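Source file: my_file11.cif (mmCIF, C-alpha atoms)
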```cif
data_coords
#
loop_
_atom_site.label_atom_id
_atom_site.label_comp_id
_atom_site.auth_asym_id
_atom_site.auth_seq_id
_atom_site.Cartn_x
_atom_site.Cartn_y
_atom_site.Cartn_z
CA MET A 1 -54.40 30.64 93.85
CA ASP A 2 -51.85 28.28 95.46
CA ASN A 3 -49.90 29.61 98.40
CA ILE A 4 -46.44 31.03 97.73
CA ALA A 5 -43.75 29.77 100.08
CA THR A 6 -41.81 32.36 102.07
CA SER A 7 -39.32 32.22 104.92
CA LEU A 8 -42.29 32.56 107.29
CA THR A 9 -44.10 29.52 105.91
CA GLY A 10 -42.06 26.74 107.52
CA LYS A 11 -39.14 25.83 109.74
CA HIS A 12 -35.73 26.70 108.35
CA GLU A 13 -32.16 26.71 109.63
CA PRO A 14 -29.13 27.93 107.66
CA ILE A 15 -26.72 25.43 106.11
CA ASP A 16 -24.11 24.60 108.74
CA LYS A 17 -21.14 23.59 106.55
CA PRO A 18 -21.83 24.73 102.96
CA LYS A 19 -19.96 23.16 100.01
CA ARG A 20 -20.08 24.89 96.62
CA ILE A 21 -20.84 22.60 93.64
CA ASP A 22 -20.73 23.71 90.00
CA ILE A 23 -23.76 23.13 87.81
CA GLN A 24 -25.49 24.73 84.83
CA LEU A 25 -29.30 24.83 84.81
CA TYR A 26 -31.44 26.94 82.48
CA PHE A 27 -34.99 28.23 82.92
CA THR A 28 -37.52 30.08 80.83
CA ASN A 29 -39.25 33.15 82.22
CA GLU A 30 -42.33 31.02 82.94
CA GLU A 31 -40.26 28.41 84.77
CA PHE A 32 -38.64 31.15 86.84
CA VAL A 33 -42.07 32.25 88.06
CA LYS A 34 -42.73 28.67 89.18
CA LEU A 35 -39.39 28.57 91.01
CA THR A 36 -40.24 31.72 92.96
CA ARG A 37 -43.43 30.10 94.27
CA GLY A 38 -41.39 27.46 96.07
CA PHE A 39 -42.92 24.36 97.64
CA ILE A 40 -44.94 24.00 100.83
CA PRO A 41 -45.24 20.46 102.19
CA GLN A 42 -48.86 19.28 102.36
CA GLN A 43 -48.52 15.77 103.78
CA MET A 44 -46.18 13.58 105.81
CA GLU A 45 -44.52 12.18 102.67
CA ASP A 46 -43.42 15.63 101.50
CA LYS A 47 -39.76 15.85 102.50
CA TRP A 48 -39.01 19.38 101.34
CA PHE A 49 -39.82 22.98 102.22
CA ILE A 50 -38.54 25.27 99.45
CA TYR A 51 -38.79 29.05 99.22
CA TYR A 52 -37.37 31.92 97.15
CA ASP A 53 -36.00 35.09 98.70
CA ASN A 54 -33.93 37.91 97.14
CA GLU A 55 -32.51 35.93 94.16
CA TRP A 56 -31.86 32.81 96.25
CA LEU A 57 -33.71 29.51 96.31
CA TYR A 58 -33.55 27.69 99.67
CA PHE A 59 -34.17 23.97 100.23
CA HIS A 60 -34.96 22.68 103.74
CA ARG A 61 -36.04 19.37 105.19
CA SER A 62 -39.71 19.75 106.02
CA TRP A 63 -39.59 17.97 109.39
CA THR A 64 -36.39 19.35 110.88
CA GLY A 65 -35.95 22.60 108.96
CA PHE A 66 -32.32 21.72 108.28
CA GLY A 67 -30.90 23.69 105.36
CA ILE A 68 -29.69 21.24 102.69
CA TYR A 69 -29.26 23.28 99.48
CA LYS A 70 -29.29 26.88 98.35
CA ALA A 71 -28.76 28.38 94.90
CA GLN A 72 -28.67 31.88 93.46
CA ILE A 73 -30.70 32.46 90.29
CA PHE A 74 -29.22 34.83 87.70
CA LYS A 75 -30.92 36.61 84.82
CA ASP A 76 -29.72 35.18 81.51
CA HIS A 77 -30.12 36.59 77.97
CA ASP A 78 -33.49 34.97 77.36
CA GLY A 79 -34.33 33.40 80.70
CA TYR A 80 -32.64 32.52 83.98
CA LEU A 81 -29.61 30.51 85.04
CA ILE A 82 -28.25 28.66 88.08
CA LYS A 83 -24.45 28.49 87.86
CA ASP A 84 -23.76 26.62 91.09
CA PHE A 85 -25.36 25.58 94.34
CA TRP A 86 -24.35 25.05 97.96
CA ALA A 87 -24.91 21.77 99.77
CA GLU A 88 -24.80 20.86 103.46
CA ARG A 89 -21.67 18.94 104.45
CA ASN A 90 -22.44 18.52 108.13
CA PHE A 91 -22.99 14.78 107.89
CA GLU A 92 -24.98 14.74 111.11
CA LYS A 93 -27.65 16.70 109.24
CA TYR A 94 -27.28 15.39 105.68
CA GLN A 95 -25.21 12.53 104.32
CA GLY A 96 -24.89 13.63 100.71
CA GLY A 97 -21.89 13.79 98.41
CA ASP A 98 -20.79 15.84 95.41
CA TYR A 99 -21.58 13.15 92.85
CA SER A 100 -25.02 12.31 94.19
CA ASP A 101 -25.93 15.96 94.70
CA GLU A 102 -24.91 16.90 91.17
CA TYR A 103 -27.58 14.49 89.94
CA TYR A 104 -30.18 14.85 92.68
CA PHE A 105 -30.34 18.66 92.90
CA PRO A 106 -31.54 19.22 89.30
CA GLU A 107 -33.93 16.27 89.59
CA LEU A 108 -35.43 17.89 92.69
CA ILE A 109 -36.02 21.18 90.88
CA ALA A 110 -37.37 19.56 87.72
CA ASP A 111 -39.72 17.18 89.51
CA THR A 112 -40.86 19.05 92.63
CA LEU A 113 -40.94 22.67 91.42
CA LEU A 114 -41.44 22.50 87.65
CA GLY A 115 -42.91 19.12 86.75
CA VAL A 116 -40.63 18.75 83.70
CA ASP A 117 -38.06 16.28 82.42
CA VAL A 118 -34.72 17.15 83.99
CA ARG A 119 -33.09 17.15 80.54
CA LYS A 120 -35.03 20.28 79.71
CA ILE A 121 -33.30 22.41 82.34
CA LYS A 122 -29.89 20.86 81.58
CA SER A 123 -30.07 21.90 77.91
CA LYS A 124 -26.94 23.73 76.78
CA ASN A 125 -28.45 25.24 73.62
CA LYS A 126 -28.97 28.69 75.10
CA ILE A 127 -25.44 29.10 76.34
CA ASN A 128 -23.91 27.87 73.06
CA GLN A 129 -25.75 30.54 71.13
CA ASP A 130 -24.50 33.28 73.38
CA ILE A 131 -20.79 32.53 73.75
CA ASP A 132 -18.74 35.74 73.74
CA TYR A 133 -15.98 34.34 71.57
CA LEU A 134 -13.75 37.40 71.71
CA ASN A 135 -13.83 37.42 75.51
CA LYS A 136 -13.12 33.69 75.72
CA ILE A 137 -10.31 33.90 73.16
CA LYS A 138 -8.72 36.82 74.99
CA GLY A 139 -9.12 34.90 78.23
CA ALA A 140 -7.36 31.88 76.72
CA PHE A 141 -4.55 33.85 75.07
CA PHE A 142 -3.81 36.10 78.03
CA GLY A 143 -4.41 33.15 80.36
CA VAL A 144 -1.61 31.21 78.71
CA ALA A 145 0.82 34.13 78.32
CA ILE A 146 0.40 35.52 81.82
CA GLY A 147 0.65 32.10 83.46
CA ASP A 148 3.79 31.54 81.40
CA ALA A 149 5.27 34.93 82.39
CA VAL A 150 4.54 34.44 86.09
CA GLY A 151 6.25 31.04 85.90
CA VAL A 152 9.34 32.00 83.87
CA PRO A 153 11.45 33.31 86.78
CA PHE A 154 10.91 30.10 88.78
CA GLU A 155 11.60 27.51 86.08
CA PHE A 156 13.63 24.52 87.31
CA PHE A 157 13.18 25.45 91.00
CA SER A 158 12.47 22.35 93.07
CA ARG A 159 9.34 21.84 95.14
CA GLU A 160 11.46 22.25 98.25
CA GLU A 161 12.94 25.55 97.04
CA MET A 162 9.46 26.86 96.18
CA SER A 163 8.15 25.89 99.61
CA LEU A 164 10.89 27.97 101.24
CA LYS A 165 10.33 30.97 98.97
CA PRO A 166 6.94 30.63 97.24
CA ALA A 167 5.73 32.70 94.32
CA TYR A 168 3.26 35.37 95.39
CA ASP A 169 3.13 37.72 92.40
CA MET A 170 4.43 38.40 88.89
CA ILE A 171 8.15 39.24 89.13
CA GLY A 172 11.06 39.61 86.76
CA HIS A 173 14.54 38.07 86.30
CA GLY A 174 15.07 34.78 88.13
CA THR A 175 16.06 31.70 86.12
CA HIS A 176 16.30 33.34 82.69
CA ASN A 177 17.04 36.90 83.90
CA GLN A 178 14.14 38.28 81.87
CA PRO A 179 12.22 41.52 82.55
CA ILE A 180 8.86 41.25 84.30
CA GLY A 181 6.01 40.13 82.03
CA THR A 182 8.21 38.10 79.67
CA TRP A 183 6.69 34.90 78.33
CA SER A 184 8.53 31.95 76.80
CA ASP A 185 8.22 29.32 74.08
CA ASP A 186 4.88 28.11 75.46
CA SER A 187 3.16 31.35 74.51
CA SER A 188 5.24 31.98 71.40
CA LEU A 189 4.18 28.70 69.81
CA THR A 190 0.60 29.24 70.99
CA PHE A 191 0.53 32.57 69.17
CA CYS A 192 2.27 31.08 66.11
CA LEU A 193 -0.54 28.50 65.90
CA ALA A 194 -3.21 31.16 66.44
CA GLU A 195 -1.67 33.42 63.80
CA ALA A 196 -1.68 30.60 61.25
CA LEU A 197 -5.31 29.74 62.00
CA ALA A 198 -6.31 33.41 61.83
CA ASN A 199 -4.62 33.97 58.48
CA ASN A 200 -5.04 30.66 56.67
CA GLY A 201 -7.43 28.48 58.63
CA TYR A 202 -6.45 24.89 59.32
CA ASP A 203 -3.26 24.61 57.29
CA LEU A 204 -0.34 22.52 58.56
CA THR A 205 2.10 24.21 56.19
CA SER A 206 1.28 27.65 57.56
CA ILE A 207 1.55 26.41 61.15
CA SER A 208 4.89 24.74 60.44
CA PHE A 209 6.26 27.84 58.74
CA ASN A 210 5.33 29.99 61.74
CA PHE A 211 7.11 27.56 64.08
CA HIS A 212 10.21 27.81 61.89
CA MET A 213 10.01 31.61 61.90
CA TRP A 214 9.83 31.66 65.68
CA LYS A 215 12.85 29.39 66.17
CA ASN A 216 15.03 31.06 63.57
CA THR A 217 13.90 34.72 63.54
CA ALA A 218 12.24 35.13 66.98
CA TYR A 219 8.84 35.67 65.31
CA TRP A 220 6.14 36.01 67.98
CA SER A 221 8.72 36.10 70.76
CA ALA A 222 8.13 38.29 73.79
CA ARG A 223 11.14 40.58 73.34
CA GLY A 224 12.89 39.57 70.11
CA GLU A 225 14.80 36.67 71.65
CA VAL A 226 14.29 32.89 71.84
CA PHE A 227 15.64 32.06 75.29
CA ASP A 228 13.86 28.77 76.10
CA ILE A 229 13.25 25.90 73.69
CA GLY A 230 12.80 22.19 74.42
CA VAL A 231 15.06 19.63 72.79
CA THR A 232 12.21 17.68 71.17
CA THR A 233 10.62 20.87 69.85
CA SER A 234 13.93 22.17 68.46
CA ILE A 235 14.65 18.92 66.60
CA ALA A 236 11.07 18.73 65.33
CA ILE A 237 11.09 22.27 63.91
CA SER A 238 14.31 21.49 62.04
CA ARG A 239 12.50 18.45 60.62
CA LEU A 240 9.57 20.67 59.60
CA LEU A 241 11.89 23.04 57.79
CA ALA A 242 13.37 20.17 55.78
CA ILE A 243 9.86 19.11 54.76
CA LEU A 244 8.97 22.66 53.74
CA ASP A 245 12.22 23.13 51.82
CA ASN A 246 11.53 19.95 49.86
CA GLU A 247 7.94 21.10 49.22
CA GLU A 248 6.65 17.84 50.65
CA ASP A 249 3.70 19.39 52.44
CA ASP A 250 1.66 16.17 52.35
CA GLU A 251 4.33 14.66 54.56
CA LEU A 252 3.12 16.87 57.40
CA LYS A 253 -0.09 14.84 57.66
CA MET A 254 1.93 11.63 57.88
CA LEU A 255 4.05 12.65 60.88
CA LYS A 256 1.59 11.12 63.34
CA HIS A 257 2.32 7.72 61.84
CA GLN A 258 6.04 8.11 62.69
CA SER A 259 5.52 7.73 66.42
CA PHE A 260 8.28 7.59 69.02
CA GLU A 261 7.56 7.13 72.73
CA ASP A 262 10.23 9.62 73.78
CA GLU A 263 8.11 12.35 72.14
CA ASN A 264 5.72 12.57 75.08
CA GLY A 265 6.92 15.83 76.54
CA ASN A 266 4.57 18.73 77.20
CA GLY A 267 5.59 20.73 74.13
CA SER A 268 2.43 20.19 72.08
CA LEU A 269 0.01 20.47 75.00
CA MET A 270 1.45 23.85 75.98
CA ARG A 271 0.52 25.42 72.62
CA ILE A 272 -2.72 23.63 71.71
CA ILE A 273 -5.38 25.97 73.17
CA PRO A 274 -6.13 27.90 69.91
CA MET A 275 -7.36 24.63 68.37
CA LEU A 276 -10.25 24.63 70.84
CA PHE A 277 -12.05 27.36 68.95
CA TYR A 278 -11.41 25.78 65.56
CA ILE A 279 -12.66 22.28 66.46
CA PHE A 280 -15.52 23.40 68.73
CA GLY A 281 -18.72 21.52 67.92
CA LYS A 282 -17.10 19.00 65.57
CA PRO A 283 -17.47 15.23 66.19
CA ILE A 284 -14.85 13.98 68.62
CA SER A 285 -13.30 11.67 66.03
CA GLN A 286 -12.69 14.61 63.71
CA GLN A 287 -11.43 16.69 66.60
CA PHE A 288 -8.87 14.05 67.47
CA GLU A 289 -7.59 13.66 63.93
CA MET A 290 -6.96 17.41 63.66
CA ILE A 291 -5.45 17.61 67.15
CA TRP A 292 -3.09 14.71 66.46
CA GLU A 293 -1.92 16.28 63.20
CA VAL A 294 -1.13 19.57 64.96
CA SER A 295 0.44 17.85 67.96
CA ALA A 296 2.56 15.65 65.66
CA LEU A 297 4.31 18.65 64.15
CA THR A 298 6.54 18.48 67.22
CA HIS A 299 5.30 15.51 69.31
CA ARG A 300 4.20 12.57 67.20
CA HIS A 301 3.17 9.98 69.80
CA ILE A 302 -0.52 9.24 70.35
CA ARG A 303 -0.14 9.80 74.11
CA ALA A 304 0.82 13.43 73.56
CA ALA A 305 -2.09 13.84 71.14
CA MET A 306 -4.56 12.17 73.49
CA SER A 307 -3.40 14.49 76.26
CA CYS A 308 -4.22 17.41 73.99
CA LEU A 309 -7.68 15.98 73.25
CA ILE A 310 -8.44 15.50 76.96
CA TYR A 311 -7.31 19.04 77.73
CA LEU A 312 -9.34 20.58 74.89
CA LYS A 313 -12.42 18.47 75.62
CA PHE A 314 -12.32 19.76 79.20
CA ALA A 315 -11.85 23.31 77.89
CA GLU A 316 -14.74 22.79 75.46
CA LYS A 317 -17.08 22.08 78.37
CA LEU A 318 -15.92 25.27 80.06
CA LEU A 319 -16.48 27.17 76.83
CA GLU A 320 -20.05 25.87 76.80
CA GLY A 321 -20.55 27.65 80.11
CA LYS A 322 -20.38 24.67 82.44
CA GLY A 323 -18.65 24.72 85.79
CA PRO A 324 -15.26 23.08 86.40
CA ASN A 325 -16.52 19.94 88.17
CA THR A 326 -19.35 19.33 85.70
CA SER A 327 -16.92 19.89 82.83
CA TYR A 328 -14.50 17.40 84.31
CA LEU A 329 -17.14 14.71 84.80
CA GLU A 330 -18.58 15.13 81.30
CA MET A 331 -15.11 15.18 79.73
CA ARG A 332 -14.18 11.88 81.38
CA LYS A 333 -17.40 10.26 80.19
CA GLU A 334 -16.91 11.38 76.58
CA ILE A 335 -13.26 10.38 76.52
CA ILE A 336 -14.05 6.86 77.77
CA GLU A 337 -16.80 6.51 75.17
CA PHE A 338 -14.36 7.65 72.47
CA TRP A 339 -11.73 5.18 73.66
CA ASN A 340 -14.28 2.39 73.36
CA ASP A 341 -15.21 3.52 69.86
CA ILE A 342 -11.59 3.54 68.61
CA ASP A 343 -10.48 0.54 70.68
CA PHE A 344 -7.82 2.64 72.37
CA SER A 345 -5.18 0.25 73.69
CA GLU A 346 -5.04 -0.52 77.39
CA SER A 347 -1.28 -0.08 77.28
CA GLU A 348 -1.91 3.60 76.48
CA SER A 349 -5.10 4.24 78.46
CA MET A 350 -3.32 3.09 81.62
CA HIS A 351 -1.20 6.25 81.52
CA PHE A 352 -4.35 8.35 82.00
CA LYS A 353 -5.80 6.20 84.79
CA ARG A 354 -5.60 8.78 87.59
CA LEU A 355 -7.24 11.42 85.42
CA ILE A 356 -9.85 9.51 83.40
CA GLN A 357 -10.68 6.08 84.82
CA LYS A 358 -10.29 7.43 88.36
CA ASP A 359 -10.92 10.89 89.79
CA ILE A 360 -7.94 13.26 89.83
CA ARG A 361 -9.64 15.28 92.57
CA ASN A 362 -8.89 12.45 94.99
CA VAL A 363 -5.13 12.67 94.37
CA LYS A 364 -3.14 14.37 97.12
CA ILE A 365 -1.12 17.45 96.23
CA ASP A 366 2.12 15.75 97.30
CA ASP A 367 1.52 13.09 94.63
CA LEU A 368 1.36 15.63 91.79
CA LYS A 369 4.32 16.47 89.55
CA SER A 370 5.01 19.23 87.06
CA GLY A 371 8.01 18.13 85.06
CA GLY A 372 8.38 17.84 81.31
CA TYR A 373 6.31 14.63 80.91
CA VAL A 374 2.95 15.41 79.32
CA ILE A 375 0.89 13.25 81.71
CA GLU A 376 2.36 15.00 84.74
CA VAL A 377 1.47 18.50 83.61
CA LEU A 378 -1.93 17.45 82.25
CA GLU A 379 -2.86 16.00 85.63
CA SER A 380 -1.46 18.92 87.60
CA SER A 381 -2.98 21.66 85.46
CA ILE A 382 -6.47 20.15 85.75
CA TRP A 383 -6.04 19.39 89.47
CA PHE A 384 -4.97 22.91 90.39
CA PHE A 385 -7.68 24.48 88.25
CA LEU A 386 -10.33 22.30 89.89
CA ASN A 387 -9.01 23.07 93.36
CA SER A 388 -8.69 26.84 92.97
CA SER A 389 -11.28 29.59 93.08
CA SER A 390 -9.59 32.23 90.91
CA TYR A 391 -7.15 32.68 88.05
CA ARG A 392 -4.52 34.04 90.44
CA GLU A 393 -4.80 31.09 92.82
CA THR A 394 -4.62 28.59 89.95
CA ILE A 395 -1.38 30.10 88.63
CA LEU A 396 0.47 30.66 91.88
CA SER A 397 -0.48 27.29 93.36
CA ILE A 398 0.78 25.26 90.39
CA ILE A 399 3.98 27.31 90.19
CA ASN A 400 4.64 26.60 93.85
CA ILE A 401 5.20 22.89 93.22
CA GLY A 402 8.21 23.89 91.12
CA HIS A 403 10.03 22.34 88.15
CA ASP A 404 8.59 23.28 84.71
CA THR A 405 6.78 26.27 86.18
CA ASP A 406 6.28 28.34 83.04
CA THR A 407 4.74 25.51 81.04
CA SER A 408 2.55 24.16 83.83
CA ALA A 409 1.23 27.65 84.60
CA ALA A 410 0.65 28.35 80.90
CA ILE A 411 -1.40 25.16 80.50
CA ALA A 412 -3.40 25.72 83.68
CA GLY A 413 -3.71 29.38 82.73
CA GLY A 414 -5.44 28.51 79.48
CA LEU A 415 -8.21 26.74 81.37
CA ALA A 416 -8.50 29.43 84.03
CA GLY A 417 -8.49 32.19 81.41
CA ILE A 418 -11.42 30.61 79.57
CA TYR A 419 -13.41 30.05 82.74
CA TYR A 420 -12.77 33.33 84.57
CA GLY A 421 -12.41 35.47 81.45
CA VAL A 422 -9.77 38.12 80.85
CA GLU A 423 -11.56 40.26 83.42
CA GLY A 424 -10.80 37.58 86.03
CA ILE A 425 -7.04 37.89 85.49
CA PRO A 426 -5.31 40.37 87.85
CA GLN A 427 -5.21 43.60 85.88
CA ASP A 428 -1.74 44.53 87.12
CA TRP A 429 -0.53 41.29 85.53
CA VAL A 430 -2.33 42.09 82.29
CA SER A 431 -0.85 45.60 82.16
CA GLN A 432 2.71 44.28 82.59
CA ILE A 433 2.59 41.48 80.04
CA ALA A 434 4.92 41.78 77.05
CA ARG A 435 3.25 42.72 73.73
CA LYS A 436 -0.14 43.26 75.34
CA ASP A 437 -1.49 45.22 72.35
CA ASP A 438 -0.25 42.60 69.88
CA ILE A 439 -2.01 39.85 71.84
CA GLU A 440 -5.20 41.94 71.87
CA ASP A 441 -4.95 42.41 68.10
CA LEU A 442 -4.32 38.70 67.47
CA ALA A 443 -7.30 37.75 69.63
CA LYS A 444 -9.55 40.12 67.65
CA ARG A 445 -8.37 38.80 64.26
CA PHE A 446 -8.60 35.22 65.47
CA SER A 447 -12.14 35.79 66.75
CA ASP A 448 -13.17 37.37 63.44
CA LYS A 449 -11.83 34.33 61.59
CA ILE A 450 -13.65 31.86 63.85
CA LEU A 451 -16.95 33.72 63.57
CA SER A 452 -16.65 33.98 59.78
CA ASN A 453 -16.31 30.20 59.30
#
```
Could you rewrite the structure in this file as structure tokens?
Amino acid sequence: MDNIATSLTGKHEPIDKPKRIDIQLYFTNEEFVKLTRGFIPQQMEDKWFIYYDNEWLYFHRSWTGFGIYKAQIFKDHDGYLIKDFWAERNFEKYQGGDYSDEYYFPELIADTLLGVDVRKIKSKNKINQDIDYLNKIKGAFFGVAIGDAVGVPFEFFSREEMSLKPAYDMIGHGTHNQPIGTWSDDSSLTFCLAEALANNGYDLTSISFNFHMWKNTAYWSARGEVFDIGVTTSIAISRLLAILDNEEDDELKMLKHQSFEDENGNGSLMRIIPMLFYIFGKPISQQFEMIWEVSALTHRHIRAAMSCLIYLKFAEKLLEGKGPNTSYLEMRKEIIEFWNDIDFSESESMHFKRLIQKDIRNVKIDDLKSGGYVIEVLESSIWFFLNSSSYRETILSIINIGHDTDTSAAIAGGLAGIYYGVEGIPQDWVSQIARKDDIEDLAKRFSDKILSN
């Protein structure tokens, strides 16, 4: 029998400056056994000493013993899973980087420990079959509403004002003088969309009617009052009502062809998260057509719709069980491929340059904005999610750059809610949110509808 590597087998030093990197790798029970055997260098050319100890896999340079990687292995439903790994960032010991390590680490496992094609352990089939849709839907719905509610009291505060008196918790009153836990139009229109999808599936007439009911009767409002509505959204819902009154429902599908550049506010992005679960797994071209139709009910321009696609494609990767950084990299790749397929104009793609063609993670916090322009809040919501380690941190950090705080926190909250789950949201925030039981009920009915399709 081959020797099994242990901590006593070779030289090993702990990682000096560990950096956490998201990844998703899957292993069968048989592959897990191979992982636990580790790797003992046999000749000068063998660069690695690898051993398993108490759920962790450790990777050391064979000559120096320097710790380079470590990863915890979790039991999955029908095998095992690595969710992330830690890499040395003391460049005197190892001169790696996030991008190279994201590709090299799985190759090292596949080649050195398992002797398999790396694509086998990167397969996402297992995780797709085991998505807890109700938990993810509740995470998304509460993620949006709670982010919205935490941001409501600070809306329109400047970055400078927030720096002097930063947000640190969910509070009441403030800008709109609303009780603690009150959410705004961002969540109301999100729930109007979800309600329509839960009751009637993908039906633009039903969605439009719910938007009208919210504006004119406070349907799906937090406390029976519409206290915050954007100008573009208000005008658009009046336009929807005229279409419905004239029974010209087919006209709803044509709104995206009536594009105006001043309709690039954040009002469709803020409410789009329920569409994630309806378009999940569909071809990206079909996803975009449906997203644009729903976006165009209030914001008809292709830039607003493309922002929604980028946001939902990123969320889709999170829903598949991938980590934030992996999700971001894969989203960018798929969006660029889609742009090439549809010959997306350079005059439009240039607006997404910092997020797609370049890496938003390299942007400094002082260069981020969170006003009403859709590109600003799309960039900021993804940046703060990528640079935070919890739902709470995501929400408070984006609020503390000021301006459209409720909307930016709602959009970032949707991503964080999906990734961390409803259990990752501070429970005192959950308990104080307006209409908590109604949101729970909507999430259950929405989940039932999705699973029945």
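Residues in contact with Phe156 (chain A) at 7 Å, where only C-alpha atoms are counted and same-chain residues fewer than 6 positions away are skipped, are listed as Gly402, His403 and Asp404 of chain A.
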Exercise. Would you list the contacts of Ser408 (chain A) as a ChimeraX atom specification, taking every protein, DNA or RNA residue within 9 Å and counting all atoms listed in the file, but skipping same-chain residues closer than 6 positions in sequence?
Key: /A:147-148,151,266,270,370-372,377-378,380-381,395,398-399
Quiz prompt | Result set, the PyMOL selection byres ((chain A and resi 174) around 9) on current file, as a PyMOL selection string | solution = chain A and resi 152-155+171-173+175-178
Self-check item: Distance of CA of Thr64 (chain A) from CA of Trp86 (chain A), expressed in Å to one decimal place
Solution: 18.6 Å
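Against this structure, the PyMOL selection byres ((chain A and resi 278) around 9) ends up with A:Leu197, A:Gly201, A:Tyr202, A:Pro274, A:Met275, A:Leu276, A:Phe277, A:Ile279, A:Phe280, A:Gly281, A:Lys282, A:Ile450.
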Since we have the selection now, will you write its residues out, keeping C-alpha atoms, as an mmCIF file, keeping the file's coordinate frame?
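Full text of again_6.cif as output:
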```
data_model
loop_
_atom_site.group_PDB
_atom_site.id
_atom_site.type_symbol
_atom_site.label_atom_id
_atom_site.label_comp_id
_atom_site.auth_asym_id
_atom_site.auth_seq_id
_atom_site.Cartn_x
_atom_site.Cartn_y
_atom_site.Cartn_z
ATOM 1 C CA LEU A 197 -5.310 29.740 62.000
ATOM 2 C CA GLY A 201 -7.430 28.480 58.630
ATOM 3 C CA TYR A 202 -6.450 24.890 59.320
ATOM 4 C CA PRO A 274 -6.130 27.900 69.910
ATOM 5 C CA MET A 275 -7.360 24.630 68.370
ATOM 6 C CA LEU A 276 -10.250 24.630 70.840
ATOM 7 C CA PHE A 277 -12.050 27.360 68.950
ATOM 8 C CA ILE A 279 -12.660 22.280 66.460
ATOM 9 C CA PHE A 280 -15.520 23.400 68.730
ATOM 10 C CA GLY A 281 -18.720 21.520 67.920
ATOM 11 C CA LYS A 282 -17.100 19.000 65.570
ATOM 12 C CA ILE A 450 -13.650 31.860 63.850
#
```
Practice problem: Pull out every residue that the PyMOL selection byres ((chain A and resi 448) around 12) matches in the shown coordinates and put them as a count of residues only. | Solution: 22
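Computed from the coordinates, the CA of Phe142 (chain A) to CA of Thr182 (chain A) distance equals 12.3 Å.
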Test item: residues at most 12 Å from Lys136 (chain A), only C-alpha atoms, excluding those fewer than 4 positions along its chain, as a PDB file with C-alpha atoms, keeping the file's coordinate frame:
```
ATOM      1  CA  ASP A 130     -24.500  33.280  73.380  1.00  0.00           C
ATOM      2  CA  ILE A 131     -20.790  32.530  73.750  1.00  0.00           C
ATOM      3  CA  ASP A 132     -18.740  35.740  73.740  1.00  0.00           C
ATOM      4  CA  ALA A 140      -7.360  31.880  76.720  1.00  0.00           C
ATOM      5  CA  PHE A 141      -4.550  33.850  75.070  1.00  0.00           C
ATOM      6  CA  PHE A 142      -3.810  36.100  78.030  1.00  0.00           C
ATOM      7  CA  GLY A 143      -4.410  33.150  80.360  1.00  0.00           C
ATOM      8  CA  ILE A 273      -5.380  25.970  73.170  1.00  0.00           C
ATOM      9  CA  PRO A 274      -6.130  27.900  69.910  1.00  0.00           C
ATOM     10  CA  LEU A 276     -10.250  24.630  70.840  1.00  0.00           C
ATOM     11  CA  PHE A 277     -12.050  27.360  68.950  1.00  0.00           C
ATOM     12  CA  ALA A 315     -11.850  23.310  77.890  1.00  0.00           C
ATOM     13  CA  GLU A 316     -14.740  22.790  75.460  1.00  0.00           C
ATOM     14  CA  LEU A 318     -15.920  25.270  80.060  1.00  0.00           C
ATOM     15  CA  LEU A 319     -16.480  27.170  76.830  1.00  0.00           C
ATOM     16  CA  GLU A 320     -20.050  25.870  76.800  1.00  0.00           C
ATOM     17  CA  GLY A 321     -20.550  27.650  80.110  1.00  0.00           C
ATOM     18  CA  GLY A 414      -5.440  28.510  79.480  1.00  0.00           C
ATOM     19  CA  LEU A 415      -8.210  26.740  81.370  1.00  0.00           C
ATOM     20  CA  ALA A 416      -8.500  29.430  84.030  1.00  0.00           C
ATOM     21  CA  GLY A 417      -8.490  32.190  81.410  1.00  0.00           C
ATOM     22  CA  ILE A 418     -11.420  30.610  79.570  1.00  0.00           C
ATOM     23  CA  TYR A 419     -13.410  30.050  82.740  1.00  0.00           C
ATOM     24  CA  TYR A 420     -12.770  33.330  84.570  1.00  0.00           C
ATOM     25  CA  GLY A 421     -12.410  35.470  81.450  1.00  0.00           C
ATOM     26  CA  VAL A 422      -9.770  38.120  80.850  1.00  0.00           C
ATOM     27  CA  GLU A 423     -11.560  40.260  83.420  1.00  0.00           C
ATOM     28  CA  GLY A 424     -10.800  37.580  86.030  1.00  0.00           C
ATOM     29  CA  ALA A 443      -7.300  37.750  69.630  1.00  0.00           C
ATOM     30  CA  LYS A 444      -9.550  40.120  67.650  1.00  0.00           C
ATOM     31  CA  PHE A 446      -8.600  35.220  65.470  1.00  0.00           C
ATOM     32  CA  SER A 447     -12.140  35.790  66.750  1.00  0.00           C
TER      33      SER A 447
END
```
Self-check item: Pick from A:Ile356, A:Phe59, A:Ile146, A:Phe32 nearest to Lys436 (chain A), counting all atoms listed in the file
Solution: A:Ile146
Non-local contacts of Glu88 (chain A) (6 Å; all atoms listed in the file; under 2 positions in same chain excluded) as an mmCIF file with C-alpha atoms, keeping the file's coordinate frame:
```
data_model
loop_
_atom_site.group_PDB
_atom_site.id
_atom_site.type_symbol
_atom_site.label_atom_id
_atom_site.label_comp_id
_atom_site.auth_asym_id
_atom_site.auth_seq_id
_atom_site.Cartn_x
_atom_site.Cartn_y
_atom_site.Cartn_z
ATOM 1 C CA ILE A 15 -26.720 25.430 106.110
ATOM 2 C CA LYS A 17 -21.140 23.590 106.550
ATOM 3 C CA PRO A 18 -21.830 24.730 102.960
ATOM 4 C CA ILE A 68 -29.690 21.240 102.690
ATOM 5 C CA ASN A 90 -22.440 18.520 108.130
#
```
